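Novice: For reference, the structure I am asking about is given below.
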Amino acid sequence: QVQLVESGGGSVQAGGSLTLACAASGYTGSNYCMAWFRQDPGKEREGVTTIYSDGGNTYYADSVKGRFTISLDRAKNRLTLEMKSLKPEDSAMYYCALRTYAHSISWCVPLVRTMYNYWGQGTQVTVSS
């Protein structure tokens, strides 16, 4: 069965950096999308960024463009999110997500919850001002 396990969350001051990781297992297909979403209590889950399985095609929400970098290590089945210049509004639970059987980056967007069929349990990021 597919499992996604996030790590790397924590507390940081505004302007600081954090790197999240997602270890994936149980899926053997070669064409897929992996993404990061985030959610504050009482709010909708928001798409942050996604990457196609070729590792070279990415998409970022405007709110994180230029500050966050997504990367994929296919050999290790590991997704990473490097976050810099963090702001208090970046505080949320961050979730790793997988969409299987995708044929290009266009299958990875829009970054909405219903496009992805496997989810991790989340890792908390808190940014203080």
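Identifiers for the structure tokens are assigned positionally: chains receive A, B, ... in sequence, residues are indexed from 1 per chain, and ligands are indexed from 1 in the order shown.
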Using DSSP on the backbone coordinates, identify all residues within stretch 20-113 of chain A classified as strand (DSSP E); present the result as a ChimeraX atom specification.
Specialist: /A:20-25,32-39,46-52,58-60,68-73,78-83,92-100
Novice: Give me the residues near stretch 102-109 of chain A as a PyMOL selection string, where near means some atom within 8 Å (using only C-alpha atoms) and where sequence neighbours in that chain fewer than 6 positions away do not count.
Specialist: chain A and resi 31-34+50-52+57-59+115
Novice: Could the residues in this selection be written to a file with C-alpha atoms, as a compact mmCIF listing (two decimals), in the first residue's frame?
Specialist:
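The resulting file, selection.txt, is shown below:
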```
# COMPACT_ATOMS: atom_id res chain seq x y z
CA ASN A 31 4.46 8.71 -14.03
CA TYR A 32 3.03 10.69 -11.15
CA CYS A 33 2.77 14.06 -9.45
CA MET A 34 3.88 14.84 -5.94
CA THR A 50 3.84 20.34 -7.18
CA ILE A 51 6.43 18.45 -9.20
CA TYR A 52 6.07 15.94 -12.01
CA ASN A 57 8.62 20.29 -14.15
CA THR A 58 7.27 22.24 -11.20
CA TYR A 59 4.50 24.64 -10.30
CA MET A 115 -6.59 15.96 -7.82
```
Novice: Quote the spacing between atom CA of A:Ser25 and atom CA of A:Phe37 in Å to one decimal place.
Specialist: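 Result for atom CA of A:Ser25 versus atom CA of A:Phe37: 18.8 Å, one decimal.
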Novice: Tell me which protein, DNA and RNA residues are within 8 Å of stretch 77-90 of chain A, counting only C-alpha atoms, leaving out same-chain ones fewer than 2 positions away, and put them as a PyMOL selection string.
Specialist: chain A and resi 13-25+34+36+67-75+92+125-129
Novice: Could you tell me which of A:Arg113, A:Arg45, A:Arg99, A:Lys65 comes closest to A:Val2 if we count only C-alpha atoms?
Specialist: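 Smallest distance to A:Val2 is found for A:Arg99.
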Novice: Of the residues A:Gln39, A:Glu44, A:Tyr94, A:Leu111, which is the one nearest to A:Asp62, using only C-alpha atoms?
Specialist: A:Leu111
Novice: Rounded to one decimal in Å, what is the spacing between atom CA of A:Gly122 and atom CA of A:Met93?
Specialist: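 Computing the Euclidean distance for atom CA of A:Gly122 and atom CA of A:Met93 yields 5.9 Å.
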Novice: Please provide the set of residues having any atom within 6 Å of A:Cys96, restricted to only C-alpha atoms, with same-chain residues fewer than 3 positions apart removed, written as a list in words.
Specialist: Ala35, Trp36, Trp119 and Gly120 of chain A
Novice: Have a look at A:Val48, A:Lys76, A:Tyr116, A:Arg38 and name the one nearest to A:Val64; count only C-alpha atoms.
Specialist: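 Of A:Val48, A:Lys76, A:Tyr116, A:Arg38, the one nearest A:Val64, counting only C-alpha atoms, is A:Val48.
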